[in-house]
Amino acid sequence: MAVLRDELIGLRSMDDIIKARQLVRECAIFQGLSLVDQTKIVTAASELARNTLVHGGGGEMRLQALNDGPRRGVKVIFVDSGPGIPDIELAMKDGYTTRGGLGLGLSGSKRLVDEFGIDSKPGKGTTVSIVRWR
Amino acid sequence: MERIPILKMGPYLLVTIQVDMHDRIAMTLQDELTERIVSDRAQGVLLDISSVDVVDSFIGRMIGNIASMSRVLDAETVVVGMRPAVAITLVELGLALPSIKTALNVDAGMTLLKAARKTSNNGRPAR
């Protein structure tokens with residue numbers, strides 16, 4: 001699998017979330033995703049970027065354009081070194097929230113993408129990766 | 001800081017969101033809009049999101065809050081101009097916004113607000 005583009009941006013403020021959305025949109029257009037698929041991955045990225053900022057205390061977003069034979073896709077990875085998620089299964093449930101939100105961030109993002117991965121260690125931080133293929 | 005203008009159109013308020021929604025802009029809009037509903041004695045709010053290309057759960061929640069708050073203040077909210085890709089994404093995200101009135105464009109939204117006023121005025125004093 002070839003990685004055509006590889007970008008890294010910091011997620012430290014709300015402005016960074018907007019920047020993250022714009023970068024993911026650009027990459028999705030570059031990879032030829034349909035408008036609906038662009039909207040899905042940008043929305044998922046917005047949810048996860050906000051999680052990184054609000055729950056992880058800030059972190060980074062890595063954005064990759066993937067070419068896997070005839071398949072083209074967009075991969076986004078969110079990394080923070082915050083408190084981590086003690087119970088991932090619970091955190092993935094619709095409606096579960098620790099901050100008074102709607103509790104759709106993780107579970108909803110997962111529904112919007114083709115591949116979803118989460119790794120979290122209490123006290124060390126959380127990494128979430130998503131891929132949407134064309 | 002950027003702000004979203006609130007325009008008065010007869011008994012209604014028109015809000016057209018044309019900026020990439022920042023969480024703080026969204027919060028400011030909620031505050032200003034509720035104040036304007038009261039000070040302008042508005043009967044309804046048209047929230048035009050035709051320029052909005054992403055509605056995540058935060059922005060979706062804000063839209064829901066605006067509708068609930070204005071209802072408590074005796075004004076109906078109609079969300080107009082949602083893009084098809086945004087609608088598909090919102091429903092898959094799990095945010096179908098069941099309690100929110102929607103219309104395809106501002107004209108249709110205005111018709112809906114007028115109709116809602118006629119049916120809900122029974123026994124209530126006009127403003």
# chains A, B, ... in the order shown; residues from 1 in each chain; ligands from 1

$ closest_atom_pairs --of "chain A" --to "chain B" --cutoff "7 Å" --atoms "only C-alpha atoms" --output "JSON lines"
{"residue": "A:Met14", "atom": "CA", "partner": "B:His22", "partner_atom": "CA", "distance": 6.6}
{"residue": "A:Leu35", "atom": "CA", "partner": "B:Ala85", "partner_atom": "CA", "distance": 6.6}
{"residue": "A:Val36", "atom": "CA", "partner": "B:Ala85", "partner_atom": "CA", "distance": 4.7}
{"residue": "A:Thr39", "atom": "CA", "partner": "B:Ala85", "partner_atom": "CA", "distance": 6.4}
{"residue": "A:Lys40", "atom": "CA", "partner": "B:Thr89", "partner_atom": "CA", "distance": 5.6}
{"residue": "A:Thr43", "atom": "CA", "partner": "B:Asp56", "partner_atom": "CA", "distance": 5.4}
{"residue": "A:Ser46", "atom": "CA", "partner": "B:Asp56", "partner_atom": "CA", "distance": 6.7}
{"residue": "A:Glu47", "atom": "CA", "partner": "B:Asp56", "partner_atom": "CA", "distance": 6.4}
{"residue": "A:Leu104", "atom": "CA", "partner": "B:Ser57", "partner_atom": "CA", "distance": 6.8}
{"residue": "A:Gly108", "atom": "CA", "partner": "B:Leu93", "partner_atom": "CA", "distance": 4.2}
{"residue": "A:Ser109", "atom": "CA", "partner": "B:Leu93", "partner_atom": "CA", "distance": 6.5}
{"residue": "A:Arg111", "atom": "CA", "partner": "B:Glu92", "partner_atom": "CA", "distance": 6.4}
{"residue": "A:Leu112", "atom": "CA", "partner": "B:Glu92", "partner_atom": "CA", "distance": 6.5}

$ residues_around --residues "range 2-18 of chain B" --least-positions-apart "5" --cutoff "7 Å" --atoms "only C-alpha atoms" --output "list of chain:residue names"
B:Ile25, B:Leu29, B:Ala42, B:Gln43, B:Gly44, B:Val45, B:Leu46, B:Leu47, B:Asp48, B:Ile49, B:Ser51, B:Val52

$ write_last_selection --atoms "C-alpha atoms" --output "mmCIF file, in the first residue's frame"
data_model
loop_
_atom_site.group_PDB
_atom_site.id
_atom_site.type_symbol
_atom_site.label_atom_id
_atom_site.label_comp_id
_atom_site.auth_asym_id
_atom_site.auth_seq_id
_atom_site.Cartn_x
_atom_site.Cartn_y
_atom_site.Cartn_z
ATOM 1 C CA ILE B 25 -19.404 31.099 17.461
ATOM 2 C CA LEU B 29 -25.298 32.520 18.379
ATOM 3 C CA ALA B 42 -40.146 37.147 17.076
ATOM 4 C CA GLN B 43 -42.670 34.467 16.221
ATOM 5 C CA GLY B 44 -40.291 32.221 14.435
ATOM 6 C CA VAL B 45 -36.690 31.568 13.446
ATOM 7 C CA LEU B 46 -35.408 30.456 10.059
ATOM 8 C CA LEU B 47 -32.025 28.823 10.389
ATOM 9 C CA ASP B 48 -30.459 28.628 6.929
ATOM 10 C CA ILE B 49 -27.669 26.045 6.803
ATOM 11 C CA SER B 51 -23.750 26.917 3.121
ATOM 12 C CA VAL B 52 -22.819 24.478 5.868
#

$ residues_around --residues "Thr102 in chain B" --least-positions-apart "5" --cutoff "7 Å" --atoms "only C-alpha atoms" --output "list in words"
Val78, Val79 and Val80 of chain B

$ write_last_selection --atoms "N, CA and C atoms" --output "PDB file, in the first residue's frame"
ATOM      1  N   VAL B  78     -37.401  26.735  12.110  1.00  0.00           N
ATOM      2  CA  VAL B  78     -37.359  25.840  10.950  1.00  0.00           C
ATOM      3  C   VAL B  78     -35.939  25.879  10.392  1.00  0.00           C
ATOM      4  N   VAL B  79     -35.343  24.711  10.268  1.00  0.00           N
ATOM      5  CA  VAL B  79     -34.004  24.604   9.697  1.00  0.00           C
ATOM      6  C   VAL B  79     -34.166  24.432   8.191  1.00  0.00           C
ATOM      7  N   VAL B  80     -33.559  25.312   7.419  1.00  0.00           N
ATOM      8  CA  VAL B  80     -33.746  25.237   5.968  1.00  0.00           C
ATOM      9  C   VAL B  80     -32.439  25.036   5.221  1.00  0.00           C
TER      10      VAL B  80
END

$ residues_around --residues "Thr126 in chain A" --least-positions-apart "5" --cutoff "6 Å" --atoms "only C-alpha atoms" --output "list in words"
Val79, Asp80, Gly84, Asp119 and Ser120 of chain A

$ decode --residues "range 29-73 of chain A" --atoms "C-alpha atoms" --output "short mmCIF file (atom, residue, chain, number, x, y, z; two decimals), in the first residue's frame"
data_model
loop_
_atom_site.label_atom_id
_atom_site.label_comp_id
_atom_site.auth_asym_id
_atom_site.auth_seq_id
_atom_site.Cartn_x
_atom_site.Cartn_y
_atom_site.Cartn_z
CA ILE A 29 -11.30 15.55 -2.81
CA PHE A 30 -7.72 14.77 -3.93
CA GLN A 31 -8.48 11.06 -3.55
CA GLY A 32 -11.69 11.36 -5.56
CA LEU A 33 -14.18 10.48 -2.79
CA SER A 34 -17.83 11.25 -3.56
CA LEU A 35 -19.42 14.26 -1.88
CA VAL A 36 -21.27 12.02 0.58
CA ASP A 37 -18.09 10.10 1.45
CA GLN A 38 -16.16 13.37 1.83
CA THR A 39 -18.82 14.65 4.21
CA LYS A 40 -18.75 11.42 6.21
CA ILE A 41 -15.01 11.36 6.79
CA VAL A 42 -14.83 15.10 7.48
CA THR A 43 -17.64 14.77 10.05
CA ALA A 44 -15.98 11.76 11.68
CA ALA A 45 -12.66 13.66 11.77
CA SER A 46 -14.39 16.65 13.36
CA GLU A 47 -15.83 14.43 16.12
CA LEU A 48 -12.50 12.75 16.80
CA ALA A 49 -10.48 15.98 16.66
CA ARG A 50 -12.82 17.42 19.27
CA ASN A 51 -12.34 14.30 21.43
CA THR A 52 -8.57 14.71 21.16
CA LEU A 53 -8.85 18.31 22.28
CA VAL A 54 -11.54 17.99 24.97
CA HIS A 55 -10.79 14.56 26.45
CA GLY A 56 -7.13 14.10 25.50
CA GLY A 57 -6.05 17.64 26.39
CA GLY A 58 -4.84 18.21 22.82
CA GLY A 59 -2.67 16.13 20.53
CA GLU A 60 -1.99 15.56 16.89
CA MET A 61 -3.76 14.55 13.72
CA ARG A 62 -2.01 12.62 10.99
CA LEU A 63 -3.57 12.60 7.56
CA GLN A 64 -2.65 10.13 4.81
CA ALA A 65 -3.78 9.59 1.23
CA LEU A 66 -3.66 5.83 0.61
CA ASN A 67 -3.38 3.93 -2.66
CA ASP A 68 -3.93 0.20 -2.34
CA GLY A 69 -3.88 -1.17 -5.88
CA PRO A 70 -7.00 0.23 -7.51
CA ARG A 71 -8.38 1.43 -4.18
CA ARG A 72 -7.88 4.98 -3.06
CA GLY A 73 -8.65 6.18 0.40
#
